[in-house]
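Notes to accompany the following structure.
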Amino acid sequence: MSSLRNYRAAAKKLRLLSYSSKTEVEPFRSRIEKKFCAPVLPNHVEVSERDFGGVTCDLLEPELYSSRRIMIYVHGGSFIGGSRFSWRQFCAAQAHADSCRIVVPEYRLAPRYAFPSALEDLQAVFKAVYTDEQVARSLDTELTGDTEILIGADSAGASIALALVLNLRERFRKCIRQIVLFSPWLNISADSSLLAGKSMNDGVVNSDCIRRSGDLYTYETNLSNPLVSPVKCRRENLKYFPPVYIQAGGKEAMLPDAEQFRKLLLDAGVACVLDVWPDLPPLFQMADEYFPESHLAVEKVGNLITGRSSDRGKIVAEGCPALERSLTAEA
């Protein structure tokens with residue numbers, strides 16, 4: 001178990017990712033970039049700038065990766081901050097663990113570009129990535145098998161990522177192998193865990209953060225839109241929805257929302273695993289200097305995606321044989 005001292009230091013760092021009424025937009029963004037940007041990427045992962053659908057993106061490529069597998073990763077930052085630069089180190093570590101190329105879009109941020117600007121950017125990126133992969137396979141006979149697109153996201157980025165999938169036609173949903181979410185924001189409406197007073201402050205995210213971020217992202221009557229708060233989606237919206245894996249810290253104030261979303265998916269016949277790491281804050285994976293569990297958590301995601309996992313029995317026990325089959329498919 002990580003020490004209380006480490007928890008407090010990590011929470012102080014991670015709190016920089018949560019917007020509040022006590023700060024202005026530009027200083028908030030600057031603090032994220034200053035704290036989370038890294039000049040050197042881990043594990044010899046290469047980065048290049050690419051344009052997908054008119055959106056500037058990072059393309060992260062590890063030394064070894066499956067040519068069939070590519071992930072679109074939606075960074076967090078309370079809808080207001082964050083960038084491909086400040087998430088580059090974390091996504092590079094994930095690319096290495098997943099043996100997977102990762103595309104990190106520089107989507108438009110609130111409040112200047114409120115909902116649905118970010119969603120529109122993600123839709124353009126998805127269409128371009130999908131098209132590029134199909135063209136590459138038609139031109140190179142050595143590329144066998146269908147492309148496996150994965151969607152990854154964390155915190156507020158999870159809301160945008162799930163909105164993307166909910167907005168896709170069924171034939172595109174079917175080509176998404178899996179969704180991976182880290183400490184997702186799944187409900188920013190008035191009855192969210194924090195705003196309804198169901199959970200306590202976890203040291204990273206509080207009710208002021210959710211309320212203020214929601215106010216800048218969209219208008220009040222839109223907060224219950226499933227494209228903003230995914231727990232509000234209906235069973236009929238989940239046809240052919242991809243398997244979902246959620247990784248969260250046990251101390252997260254928004255954990256009840258993740259539990260509610262998991263139940264919603266399972267009731268609709270969608271495979272979902274909620275993997276809770278005890279005594280850890282939200283986004284503990286981005287504080288690896290304080291938590292040894294951070295490396296283990298990233299490695300676990302990689303094992304699940306590549307089929308190297310020793311946790312397959314747990315997944316089946318969760319009542320998700322479809323997810324177990326998906327995760328153990330050949331790379």
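Convention: chains lettered A, B, ... in structure tokens order; per-chain residue numbering from 1; ligands numbered from 1 as shown.
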**Q.** Secondary structure check, strand (DSSP E or B) residues of range 33-225 of chain A, as a PyMOL selection string
**A.** chain A and resi 46-52+55-61+69-74+101-105+148-154+176-182
Could you give me, as a PDB file with all heavy atoms, in the first residue's frame, the residues within 10 Å of range 113-121 of chain A, counting only C-alpha atoms and dropping anything in the same chain fewer than 5 positions from it?
ATOM      1  N   PHE A  52      -4.978  14.014 -39.249  1.00  0.00           N
ATOM      2  CA  PHE A  52      -6.055  13.067 -39.496  1.00  0.00           C
ATOM      3  C   PHE A  52      -7.368  13.844 -39.544  1.00  0.00           C
ATOM      4  O   PHE A  52      -7.819  14.376 -38.541  1.00  0.00           O
ATOM      5  CB  PHE A  52      -6.135  12.002 -38.393  1.00  0.00           C
ATOM      6  CG  PHE A  52      -5.017  10.992 -38.424  1.00  0.00           C
ATOM      7  CD1 PHE A  52      -3.962  11.077 -37.536  1.00  0.00           C
ATOM      8  CD2 PHE A  52      -5.033   9.950 -39.348  1.00  0.00           C
ATOM      9  CE1 PHE A  52      -2.934  10.147 -37.555  1.00  0.00           C
ATOM     10  CE2 PHE A  52      -4.005   9.014 -39.378  1.00  0.00           C
ATOM     11  CZ  PHE A  52      -2.957   9.115 -38.485  1.00  0.00           C
ATOM     12  N   GLY A  53      -7.954  13.917 -40.727  1.00  0.00           N
ATOM     13  CA  GLY A  53      -9.226  14.602 -40.871  1.00  0.00           C
ATOM     14  C   GLY A  53      -9.170  16.081 -40.579  1.00  0.00           C
ATOM     15  O   GLY A  53     -10.167  16.658 -40.131  1.00  0.00           O
ATOM     16  N   GLY A  54      -8.013  16.708 -40.801  1.00  0.00           N
ATOM     17  CA  GLY A  54      -7.867  18.122 -40.526  1.00  0.00           C
ATOM     18  C   GLY A  54      -7.531  18.446 -39.093  1.00  0.00           C
ATOM     19  O   GLY A  54      -7.441  19.620 -38.717  1.00  0.00           O
ATOM     20  N   VAL A  55      -7.313  17.425 -38.270  1.00  0.00           N
ATOM     21  CA  VAL A  55      -6.967  17.606 -36.864  1.00  0.00           C
ATOM     22  C   VAL A  55      -5.509  17.191 -36.662  1.00  0.00           C
ATOM     23  O   VAL A  55      -5.117  16.077 -37.038  1.00  0.00           O
ATOM     24  CB  VAL A  55      -7.884  16.772 -35.950  1.00  0.00           C
ATOM     25  CG1 VAL A  55      -7.493  16.956 -34.478  1.00  0.00           C
ATOM     26  CG2 VAL A  55      -9.350  17.143 -36.163  1.00  0.00           C
ATOM     27  N   THR A  56      -4.704  18.055 -36.073  1.00  0.00           N
ATOM     28  CA  THR A  56      -3.309  17.725 -35.792  1.00  0.00           C
ATOM     29  C   THR A  56      -3.247  16.696 -34.665  1.00  0.00           C
ATOM     30  O   THR A  56      -3.912  16.847 -33.630  1.00  0.00           O
ATOM     31  CB  THR A  56      -2.519  18.972 -35.385  1.00  0.00           C
ATOM     32  OG1 THR A  56      -2.620  19.948 -36.422  1.00  0.00           O
ATOM     33  CG2 THR A  56      -1.056  18.643 -35.154  1.00  0.00           C
ATOM     34  N   VAL A  74      -8.041   9.797 -26.263  1.00  0.00           N
ATOM     35  CA  VAL A  74      -8.621  11.110 -25.982  1.00  0.00           C
ATOM     36  C   VAL A  74      -8.159  11.559 -24.597  1.00  0.00           C
ATOM     37  O   VAL A  74      -8.579  10.988 -23.583  1.00  0.00           O
ATOM     38  CB  VAL A  74     -10.157  11.068 -26.049  1.00  0.00           C
ATOM     39  CG1 VAL A  74     -10.727  12.491 -25.968  1.00  0.00           C
ATOM     40  CG2 VAL A  74     -10.631  10.372 -27.319  1.00  0.00           C
ATOM     41  N   PHE A  79     -12.106  19.034 -19.952  1.00  0.00           N
ATOM     42  CA  PHE A  79     -12.649  19.594 -21.190  1.00  0.00           C
ATOM     43  C   PHE A  79     -11.959  20.909 -21.590  1.00  0.00           C
ATOM     44  O   PHE A  79     -12.219  21.439 -22.660  1.00  0.00           O
ATOM     45  CB  PHE A  79     -14.162  19.889 -21.106  1.00  0.00           C
ATOM     46  CG  PHE A  79     -15.009  18.727 -20.710  1.00  0.00           C
ATOM     47  CD1 PHE A  79     -15.671  18.724 -19.490  1.00  0.00           C
ATOM     48  CD2 PHE A  79     -15.167  17.647 -21.561  1.00  0.00           C
ATOM     49  CE1 PHE A  79     -16.467  17.652 -19.125  1.00  0.00           C
ATOM     50  CE2 PHE A  79     -15.966  16.569 -21.207  1.00  0.00           C
ATOM     51  CZ  PHE A  79     -16.618  16.577 -19.972  1.00  0.00           C
ATOM     52  N   ILE A  80     -11.095  21.429 -20.738  1.00  0.00           N
ATOM     53  CA  ILE A  80     -10.598  22.798 -20.874  1.00  0.00           C
ATOM     54  C   ILE A  80      -9.099  22.851 -21.121  1.00  0.00           C
ATOM     55  O   ILE A  80      -8.591  23.757 -21.784  1.00  0.00           O
ATOM     56  CB  ILE A  80     -10.956  23.609 -19.604  1.00  0.00           C
ATOM     57  CG1 ILE A  80     -12.478  23.689 -19.478  1.00  0.00           C
ATOM     58  CG2 ILE A  80     -10.346  25.007 -19.617  1.00  0.00           C
ATOM     59  CD1 ILE A  80     -12.961  23.969 -18.083  1.00  0.00           C
ATOM     60  N   PRO A 105      -5.245  12.988 -30.629  1.00  0.00           N
ATOM     61  CA  PRO A 105      -5.707  14.198 -31.316  1.00  0.00           C
ATOM     62  C   PRO A 105      -5.574  15.452 -30.458  1.00  0.00           C
ATOM     63  O   PRO A 105      -5.774  15.423 -29.245  1.00  0.00           O
ATOM     64  CB  PRO A 105      -7.188  13.908 -31.600  1.00  0.00           C
ATOM     65  CG  PRO A 105      -7.348  12.436 -31.405  1.00  0.00           C
ATOM     66  CD  PRO A 105      -6.335  12.055 -30.371  1.00  0.00           C
ATOM     67  N   GLU A 106      -5.250  16.547 -31.118  1.00  0.00           N
ATOM     68  CA  GLU A 106      -5.235  17.868 -30.478  1.00  0.00           C
ATOM     69  C   GLU A 106      -6.616  18.483 -30.711  1.00  0.00           C
ATOM     70  O   GLU A 106      -6.790  19.387 -31.525  1.00  0.00           O
ATOM     71  CB  GLU A 106      -4.134  18.738 -31.088  1.00  0.00           C
ATOM     72  CG  GLU A 106      -3.818  19.999 -30.296  1.00  0.00           C
ATOM     73  CD  GLU A 106      -3.120  19.691 -28.985  1.00  0.00           C
ATOM     74  OE1 GLU A 106      -1.906  19.437 -28.986  1.00  0.00           O
ATOM     75  OE2 GLU A 106      -3.828  19.708 -27.948  1.00  0.00           O
ATOM     76  N   TYR A 107      -7.600  17.962 -30.004  1.00  0.00           N
ATOM     77  CA  TYR A 107      -8.970  18.422 -30.226  1.00  0.00           C
ATOM     78  C   TYR A 107      -9.200  19.800 -29.604  1.00  0.00           C
ATOM     79  O   TYR A 107      -8.481  20.234 -28.711  1.00  0.00           O
ATOM     80  CB  TYR A 107      -9.973  17.403 -29.686  1.00  0.00           C
ATOM     81  CG  TYR A 107      -9.934  17.166 -28.187  1.00  0.00           C
ATOM     82  CD1 TYR A 107     -10.630  17.993 -27.308  1.00  0.00           C
ATOM     83  CD2 TYR A 107      -9.228  16.092 -27.646  1.00  0.00           C
ATOM     84  CE1 TYR A 107     -10.612  17.772 -25.940  1.00  0.00           C
ATOM     85  CE2 TYR A 107      -9.206  15.864 -26.281  1.00  0.00           C
ATOM     86  CZ  TYR A 107      -9.903  16.701 -25.430  1.00  0.00           C
ATOM     87  OH  TYR A 107      -9.877  16.481 -24.069  1.00  0.00           O
ATOM     88  N   ARG A 108     -10.213  20.483 -30.097  1.00  0.00           N
ATOM     89  CA  ARG A 108     -10.521  21.830 -29.620  1.00  0.00           C
ATOM     90  C   ARG A 108     -11.069  21.795 -28.197  1.00  0.00           C
ATOM     91  O   ARG A 108     -11.805  20.880 -27.826  1.00  0.00           O
ATOM     92  CB  ARG A 108     -11.519  22.504 -30.571  1.00  0.00           C
ATOM     93  CG  ARG A 108     -10.926  22.877 -31.914  1.00  0.00           C
ATOM     94  CD  ARG A 108     -12.008  23.375 -32.865  1.00  0.00           C
ATOM     95  NE  ARG A 108     -12.909  22.292 -33.266  1.00  0.00           N
ATOM     96  CZ  ARG A 108     -14.008  22.479 -33.986  1.00  0.00           C
ATOM     97  NH1 ARG A 108     -14.353  23.717 -34.370  1.00  0.00           N
ATOM     98  NH2 ARG A 108     -14.761  21.452 -34.335  1.00  0.00           N
ATOM     99  N   PHE A 126     -11.442   9.790 -36.337  1.00  0.00           N
ATOM    100  CA  PHE A 126     -11.820   8.379 -36.469  1.00  0.00           C
ATOM    101  C   PHE A 126     -12.022   8.005 -37.938  1.00  0.00           C
ATOM    102  O   PHE A 126     -11.515   6.980 -38.408  1.00  0.00           O
ATOM    103  CB  PHE A 126     -13.094   8.088 -35.684  1.00  0.00           C
ATOM    104  CG  PHE A 126     -13.522   6.643 -35.756  1.00  0.00           C
ATOM    105  CD1 PHE A 126     -13.074   5.726 -34.812  1.00  0.00           C
ATOM    106  CD2 PHE A 126     -14.344   6.188 -36.784  1.00  0.00           C
ATOM    107  CE1 PHE A 126     -13.448   4.388 -34.899  1.00  0.00           C
ATOM    108  CE2 PHE A 126     -14.716   4.859 -36.874  1.00  0.00           C
ATOM    109  CZ  PHE A 126     -14.268   3.956 -35.926  1.00  0.00           C
ATOM    110  N   GLY A 157     -11.893  13.214 -20.882  1.00  0.00           N
ATOM    111  CA  GLY A 157     -11.752  12.678 -22.232  1.00  0.00           C
ATOM    112  C   GLY A 157     -12.612  11.462 -22.475  1.00  0.00           C
ATOM    113  O   GLY A 157     -13.002  11.179 -23.610  1.00  0.00           O
ATOM    114  N   SER A 159     -15.683  11.039 -21.510  1.00  0.00           N
ATOM    115  CA  SER A 159     -16.999  11.500 -21.945  1.00  0.00           C
ATOM    116  C   SER A 159     -17.011  11.744 -23.450  1.00  0.00           C
ATOM    117  O   SER A 159     -17.956  11.349 -24.158  1.00  0.00           O
ATOM    118  CB  SER A 159     -17.379  12.793 -21.205  1.00  0.00           C
ATOM    119  OG  SER A 159     -18.535  13.381 -21.753  1.00  0.00           O
ATOM    120  N   ILE A 160     -15.959  12.370 -23.965  1.00  0.00           N
ATOM    121  CA  ILE A 160     -15.871  12.664 -25.391  1.00  0.00           C
ATOM    122  C   ILE A 160     -15.685  11.372 -26.196  1.00  0.00           C
ATOM    123  O   ILE A 160     -16.290  11.179 -27.255  1.00  0.00           O
ATOM    124  CB  ILE A 160     -14.717  13.640 -25.668  1.00  0.00           C
ATOM    125  CG1 ILE A 160     -14.848  14.894 -24.796  1.00  0.00           C
ATOM    126  CG2 ILE A 160     -14.675  14.024 -27.143  1.00  0.00           C
ATOM    127  CD1 ILE A 160     -13.627  15.792 -24.808  1.00  0.00           C
ATOM    128  N   ALA A 161     -14.848  10.471 -25.684  1.00  0.00           N
ATOM    129  CA  ALA A 161     -14.587   9.212 -26.376  1.00  0.00           C
ATOM    130  C   ALA A 161     -15.854   8.369 -26.487  1.00  0.00           C
ATOM    131  O   ALA A 161     -16.150   7.796 -27.545  1.00  0.00           O
ATOM    132  CB  ALA A 161     -13.492   8.436 -25.647  1.00  0.00           C
ATOM    133  N   LEU A 162     -16.613   8.293 -25.398  1.00  0.00           N
ATOM    134  CA  LEU A 162     -17.846   7.510 -25.426  1.00  0.00           C
ATOM    135  C   LEU A 162     -18.899   8.177 -26.309  1.00  0.00           C
ATOM    136  O   LEU A 162     -19.687   7.498 -26.970  1.00  0.00           O
ATOM    137  CB  LEU A 162     -18.372   7.312 -24.004  1.00  0.00           C
ATOM    138  CG  LEU A 162     -17.513   6.392 -23.138  1.00  0.00           C
ATOM    139  CD1 LEU A 162     -17.962   6.443 -21.688  1.00  0.00           C
ATOM    140  CD2 LEU A 162     -17.565   4.956 -23.650  1.00  0.00           C
ATOM    141  N   ALA A 163     -18.902   9.517 -26.337  1.00  0.00           N
ATOM    142  CA  ALA A 163     -19.804  10.225 -27.241  1.00  0.00           C
ATOM    143  C   ALA A 163     -19.483   9.868 -28.691  1.00  0.00           C
ATOM    144  O   ALA A 163     -20.393   9.697 -29.518  1.00  0.00           O
ATOM    145  CB  ALA A 163     -19.691  11.728 -27.023  1.00  0.00           C
ATOM    146  N   LEU A 164     -18.194   9.766 -29.002  1.00  0.00           N
ATOM    147  CA  LEU A 164     -17.776   9.363 -30.340  1.00  0.00           C
ATOM    148  C   LEU A 164     -18.387   8.010 -30.702  1.00  0.00           C
ATOM    149  O   LEU A 164     -18.997   7.855 -31.767  1.00  0.00           O
ATOM    150  CB  LEU A 164     -16.250   9.281 -30.412  1.00  0.00           C
ATOM    151  CG  LEU A 164     -15.666   8.557 -31.628  1.00  0.00           C
ATOM    152  CD1 LEU A 164     -15.914   9.360 -32.898  1.00  0.00           C
ATOM    153  CD2 LEU A 164     -14.181   8.286 -31.438  1.00  0.00           C
ATOM    154  N   VAL A 165     -18.230   7.028 -29.820  1.00  0.00           N
ATOM    155  CA  VAL A 165     -18.715   5.681 -30.109  1.00  0.00           C
ATOM    156  C   VAL A 165     -20.240   5.654 -30.183  1.00  0.00           C
ATOM    157  O   VAL A 165     -20.827   5.005 -31.055  1.00  0.00           O
ATOM    158  CB  VAL A 165     -18.201   4.683 -29.056  1.00  0.00           C
ATOM    159  CG1 VAL A 165     -18.694   3.269 -29.371  1.00  0.00           C
ATOM    160  CG2 VAL A 165     -16.672   4.698 -29.007  1.00  0.00           C
ATOM    161  N   ASN A 167     -22.104   7.906 -31.196  1.00  0.00           N
ATOM    162  CA  ASN A 167     -22.520   8.609 -32.409  1.00  0.00           C
ATOM    163  C   ASN A 167     -22.179   7.854 -33.692  1.00  0.00           C
ATOM    164  O   ASN A 167     -22.599   8.261 -34.774  1.00  0.00           O
ATOM    165  CB  ASN A 167     -21.866   9.998 -32.454  1.00  0.00           C
ATOM    166  CG  ASN A 167     -22.897  11.116 -32.516  1.00  0.00           C
ATOM    167  OD1 ASN A 167     -24.069  10.917 -32.247  1.00  0.00           O
ATOM    168  ND2 ASN A 167     -22.456  12.306 -32.876  1.00  0.00           N
ATOM    169  N   GLY A 214     -18.335  21.538 -16.311  1.00  0.00           N
ATOM    170  CA  GLY A 214     -19.567  21.333 -17.049  1.00  0.00           C
ATOM    171  C   GLY A 214     -20.149  22.631 -17.571  1.00  0.00           C
ATOM    172  O   GLY A 214     -20.635  22.703 -18.710  1.00  0.00           O
ATOM    173  N   ASP A 215     -20.080  23.679 -16.756  1.00  0.00           N
ATOM    174  CA  ASP A 215     -20.606  24.987 -17.156  1.00  0.00           C
ATOM    175  C   ASP A 215     -19.891  25.532 -18.383  1.00  0.00           C
ATOM    176  O   ASP A 215     -20.500  26.175 -19.244  1.00  0.00           O
ATOM    177  CB  ASP A 215     -20.470  25.994 -16.011  1.00  0.00           C
ATOM    178  CG  ASP A 215     -21.458  25.727 -14.882  1.00  0.00           C
ATOM    179  OD1 ASP A 215     -22.418  24.961 -15.101  1.00  0.00           O
ATOM    180  OD2 ASP A 215     -21.262  26.275 -13.786  1.00  0.00           O
ATOM    181  N   LEU A 216     -18.578  25.308 -18.455  1.00  0.00           N
ATOM    182  CA  LEU A 216     -17.800  25.825 -19.575  1.00  0.00           C
ATOM    183  C   LEU A 216     -17.871  24.918 -20.806  1.00  0.00           C
ATOM    184  O   LEU A 216     -17.645  25.373 -21.925  1.00  0.00           O
ATOM    185  CB  LEU A 216     -16.343  26.012 -19.163  1.00  0.00           C
ATOM    186  CG  LEU A 216     -16.090  27.074 -18.085  1.00  0.00           C
ATOM    187  CD1 LEU A 216     -14.595  27.194 -17.794  1.00  0.00           C
ATOM    188  CD2 LEU A 216     -16.647  28.428 -18.494  1.00  0.00           C
ATOM    189  N   TYR A 217     -18.177  23.647 -20.583  1.00  0.00           N
ATOM    190  CA  TYR A 217     -18.214  22.694 -21.695  1.00  0.00           C
ATOM    191  C   TYR A 217     -19.524  22.757 -22.470  1.00  0.00           C
ATOM    192  O   TYR A 217     -19.544  22.657 -23.701  1.00  0.00           O
ATOM    193  CB  TYR A 217     -17.997  21.280 -21.155  1.00  0.00           C
ATOM    194  CG  TYR A 217     -17.939  20.209 -22.219  1.00  0.00           C
ATOM    195  CD1 TYR A 217     -17.050  20.298 -23.286  1.00  0.00           C
ATOM    196  CD2 TYR A 217     -18.776  19.086 -22.146  1.00  0.00           C
ATOM    197  CE1 TYR A 217     -16.986  19.302 -24.256  1.00  0.00           C
ATOM    198  CE2 TYR A 217     -18.714  18.085 -23.108  1.00  0.00           C
ATOM    199  CZ  TYR A 217     -17.830  18.201 -24.153  1.00  0.00           C
ATOM    200  OH  TYR A 217     -17.766  17.223 -25.123  1.00  0.00           O
ATOM    201  N   THR A 218     -20.635  22.944 -21.753  1.00  0.00           N
ATOM    202  CA  THR A 218     -21.921  22.966 -22.429  1.00  0.00           C
ATOM    203  C   THR A 218     -22.942  23.687 -21.564  1.00  0.00           C
ATOM    204  O   THR A 218     -22.666  24.060 -20.417  1.00  0.00           O
ATOM    205  CB  THR A 218     -22.398  21.538 -22.746  1.00  0.00           C
ATOM    206  OG1 THR A 218     -23.541  21.587 -23.612  1.00  0.00           O
ATOM    207  CG2 THR A 218     -22.732  20.757 -21.493  1.00  0.00           C
ATOM    208  N   TYR A 219     -24.140  23.881 -22.089  1.00  0.00           N
ATOM    209  CA  TYR A 219     -25.190  24.575 -21.348  1.00  0.00           C
ATOM    210  C   TYR A 219     -25.895  23.611 -20.383  1.00  0.00           C
ATOM    211  O   TYR A 219     -25.863  22.389 -20.555  1.00  0.00           O
ATOM    212  CB  TYR A 219     -26.188  25.221 -22.306  1.00  0.00           C
ATOM    213  CG  TYR A 219     -26.710  24.320 -23.395  1.00  0.00           C
ATOM    214  CD1 TYR A 219     -27.889  23.595 -23.245  1.00  0.00           C
ATOM    215  CD2 TYR A 219     -26.007  24.194 -24.600  1.00  0.00           C
ATOM    216  CE1 TYR A 219     -28.361  22.767 -24.242  1.00  0.00           C
ATOM    217  CE2 TYR A 219     -26.472  23.358 -25.616  1.00  0.00           C
ATOM    218  CZ  TYR A 219     -27.653  22.651 -25.426  1.00  0.00           C
ATOM    219  OH  TYR A 219     -28.110  21.827 -26.412  1.00  0.00           O
ATOM    220  N   ASN A 222     -28.086  20.616 -21.235  1.00  0.00           N
ATOM    221  CA  ASN A 222     -27.442  19.593 -22.048  1.00  0.00           C
ATOM    222  C   ASN A 222     -26.571  18.649 -21.226  1.00  0.00           C
ATOM    223  O   ASN A 222     -26.023  17.687 -21.757  1.00  0.00           O
ATOM    224  CB  ASN A 222     -26.582  20.249 -23.141  1.00  0.00           C
ATOM    225  CG  ASN A 222     -26.220  19.289 -24.272  1.00  0.00           C
ATOM    226  OD1 ASN A 222     -27.055  18.546 -24.759  1.00  0.00           O
ATOM    227  ND2 ASN A 222     -24.958  19.307 -24.669  1.00  0.00           N
ATOM    228  N   LEU A 227     -24.386  12.146 -24.732  1.00  0.00           N
ATOM    229  CA  LEU A 227     -23.118  12.491 -25.374  1.00  0.00           C
ATOM    230  C   LEU A 227     -22.249  13.362 -24.476  1.00  0.00           C
ATOM    231  O   LEU A 227     -21.105  13.657 -24.808  1.00  0.00           O
ATOM    232  CB  LEU A 227     -23.376  13.212 -26.700  1.00  0.00           C
ATOM    233  CG  LEU A 227     -24.171  12.436 -27.746  1.00  0.00           C
ATOM    234  CD1 LEU A 227     -24.291  13.243 -29.032  1.00  0.00           C
ATOM    235  CD2 LEU A 227     -23.547  11.074 -28.026  1.00  0.00           C
ATOM    236  N   VAL A 228     -22.786  13.757 -23.331  1.00  0.00           N
ATOM    237  CA  VAL A 228     -22.048  14.523 -22.324  1.00  0.00           C
ATOM    238  C   VAL A 228     -21.878  13.688 -21.049  1.00  0.00           C
ATOM    239  O   VAL A 228     -20.796  13.626 -20.470  1.00  0.00           O
ATOM    240  CB  VAL A 228     -22.762  15.850 -22.005  1.00  0.00           C
ATOM    241  CG1 VAL A 228     -22.054  16.593 -20.879  1.00  0.00           C
ATOM    242  CG2 VAL A 228     -22.836  16.727 -23.254  1.00  0.00           C
TER     243      VAL A 228
END
Q | All helix (DSSP H, G or I) residues (DSSP, backbone) inside range 57-305 of chain A, as JSON, numbers by chain | A | {"A": [88, 89, 90, 91, 92, 93, 94, 95, 96, 97, 98, 117, 118, 119, 120, 121, 122, 123, 124, 125, 126, 127, 128, 129, 130, 131, 132, 133, 134, 135, 136, 137, 138, 139, 155, 156, 157, 158, 159, 160, 161, 162, 163, 164, 165, 166, 167, 170, 171, 172, 173, 207, 208, 209, 210, 211, 212, 213, 214, 215, 216, 217, 220, 221, 222, 230, 231, 232, 235, 236, 237, 238, 255, 256, 257, 258, 259, 260, 261, 262, 263, 264, 265, 266, 267, 284, 285, 286, 293, 294, 295, 296, 297, 298, 299, 300, 301, 302, 303, 304, 305]}
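Counting from CA of Asp154 in chain A, the distance to CA of Leu181 in chain A is 5.5 Å.
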(Q) Quick check, in Å to one decimal: how far apart do CA of Ala11 in chain A and CA of Asp202 in chain A lie? (A)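 Rounded to one decimal, the two atoms are 8.5 Å apart.
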**Q.** d(CA of Leu109 in chain A, CA of Gly76 in chain A) in Å
**A.** 10.5 Å
Q) Which residues, written as an NGL selection string, have at least one atom at most 10 Å from range 131-141 of chain A, with only C-alpha atoms counted and residues fewer than 5 positions away on the same chain left out? A) :A and (52 or 67-70 or 125-126 or 146-149)
Would you mind exporting all heavy atoms of the selected residues as a compact mmCIF listing (two decimals), in the first residue's frame?
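The resulting file, out-v2.txt, is shown below:
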# COMPACT_ATOMS: atom_id res chain seq x y z
N PHE A 52 -4.98 14.01 -39.25
CA PHE A 52 -6.06 13.07 -39.50
C PHE A 52 -7.37 13.84 -39.54
O PHE A 52 -7.82 14.38 -38.54
CB PHE A 52 -6.14 12.00 -38.39
CG PHE A 52 -5.02 10.99 -38.42
CD1 PHE A 52 -3.96 11.08 -37.54
CD2 PHE A 52 -5.03 9.95 -39.35
CE1 PHE A 52 -2.93 10.15 -37.56
CE2 PHE A 52 -4.00 9.01 -39.38
CZ PHE A 52 -2.96 9.12 -38.49
N SER A 67 0.78 -4.53 -36.55
CA SER A 67 0.35 -3.69 -37.68
C SER A 67 -1.16 -3.63 -37.80
O SER A 67 -1.70 -2.77 -38.50
CB SER A 67 0.97 -4.21 -38.98
OG SER A 67 0.52 -5.53 -39.25
N ARG A 68 -1.84 -4.53 -37.13
CA ARG A 68 -3.31 -4.57 -37.20
C ARG A 68 -3.96 -3.66 -36.17
O ARG A 68 -5.14 -3.37 -36.26
CB ARG A 68 -3.80 -6.00 -36.96
CG ARG A 68 -3.48 -7.00 -38.04
CD ARG A 68 -3.90 -8.40 -37.63
NE ARG A 68 -5.30 -8.45 -37.23
CZ ARG A 68 -5.86 -9.52 -36.65
NH1 ARG A 68 -5.13 -10.60 -36.40
NH2 ARG A 68 -7.13 -9.50 -36.33
N ARG A 69 -3.19 -3.22 -35.18
CA ARG A 69 -3.78 -2.58 -34.01
C ARG A 69 -3.42 -1.09 -33.95
O ARG A 69 -2.26 -0.71 -34.06
CB ARG A 69 -3.29 -3.29 -32.74
CG ARG A 69 -3.94 -2.85 -31.45
CD ARG A 69 -3.30 -3.56 -30.27
NE ARG A 69 -3.39 -4.99 -30.42
CZ ARG A 69 -2.37 -5.83 -30.24
NH1 ARG A 69 -1.17 -5.35 -29.90
NH2 ARG A 69 -2.54 -7.12 -30.38
N ILE A 70 -4.43 -0.25 -33.74
CA ILE A 70 -4.19 1.18 -33.58
C ILE A 70 -5.21 1.74 -32.60
O ILE A 70 -6.39 1.38 -32.63
CB ILE A 70 -4.24 1.93 -34.94
CG1 ILE A 70 -3.80 3.38 -34.77
CG2 ILE A 70 -5.62 1.82 -35.58
CD1 ILE A 70 -3.50 4.08 -36.10
N VAL A 125 -11.20 12.54 -36.92
CA VAL A 125 -10.01 11.71 -36.72
C VAL A 125 -10.34 10.24 -36.93
O VAL A 125 -9.62 9.51 -37.62
CB VAL A 125 -9.42 11.94 -35.31
CG1 VAL A 125 -8.33 10.92 -35.01
CG2 VAL A 125 -8.86 13.35 -35.19
N PHE A 126 -11.44 9.79 -36.34
CA PHE A 126 -11.82 8.38 -36.47
C PHE A 126 -12.02 8.01 -37.94
O PHE A 126 -11.51 6.98 -38.41
CB PHE A 126 -13.09 8.09 -35.68
CG PHE A 126 -13.52 6.64 -35.76
CD1 PHE A 126 -13.07 5.73 -34.81
CD2 PHE A 126 -14.34 6.19 -36.78
CE1 PHE A 126 -13.45 4.39 -34.90
CE2 PHE A 126 -14.72 4.86 -36.87
CZ PHE A 126 -14.27 3.96 -35.93
N ASP A 146 -8.20 -7.99 -40.42
CA ASP A 146 -8.85 -6.70 -40.32
C ASP A 146 -8.14 -5.80 -39.30
O ASP A 146 -7.54 -6.27 -38.34
CB ASP A 146 -10.31 -6.88 -39.87
CG ASP A 146 -11.14 -7.62 -40.91
OD1 ASP A 146 -10.82 -7.49 -42.10
OD2 ASP A 146 -12.08 -8.32 -40.52
N THR A 147 -8.24 -4.49 -39.53
CA THR A 147 -7.70 -3.53 -38.58
C THR A 147 -8.49 -3.57 -37.27
O THR A 147 -9.72 -3.67 -37.29
CB THR A 147 -7.77 -2.10 -39.15
OG1 THR A 147 -7.00 -2.04 -40.33
CG2 THR A 147 -7.25 -1.09 -38.14
N GLU A 148 -7.78 -3.52 -36.16
CA GLU A 148 -8.42 -3.48 -34.85
C GLU A 148 -8.23 -2.09 -34.28
O GLU A 148 -7.11 -1.71 -33.90
CB GLU A 148 -7.82 -4.53 -33.93
CG GLU A 148 -8.04 -5.96 -34.42
CD GLU A 148 -7.32 -6.97 -33.56
OE1 GLU A 148 -6.47 -6.56 -32.74
OE2 GLU A 148 -7.60 -8.18 -33.71
N ILE A 149 -9.30 -1.32 -34.25
CA ILE A 149 -9.25 0.02 -33.68
C ILE A 149 -9.64 -0.05 -32.22
O ILE A 149 -10.62 -0.68 -31.85
CB ILE A 149 -10.17 0.98 -34.45
CG1 ILE A 149 -9.73 1.11 -35.91
CG2 ILE A 149 -10.19 2.35 -33.78
CD1 ILE A 149 -10.61 2.01 -36.75
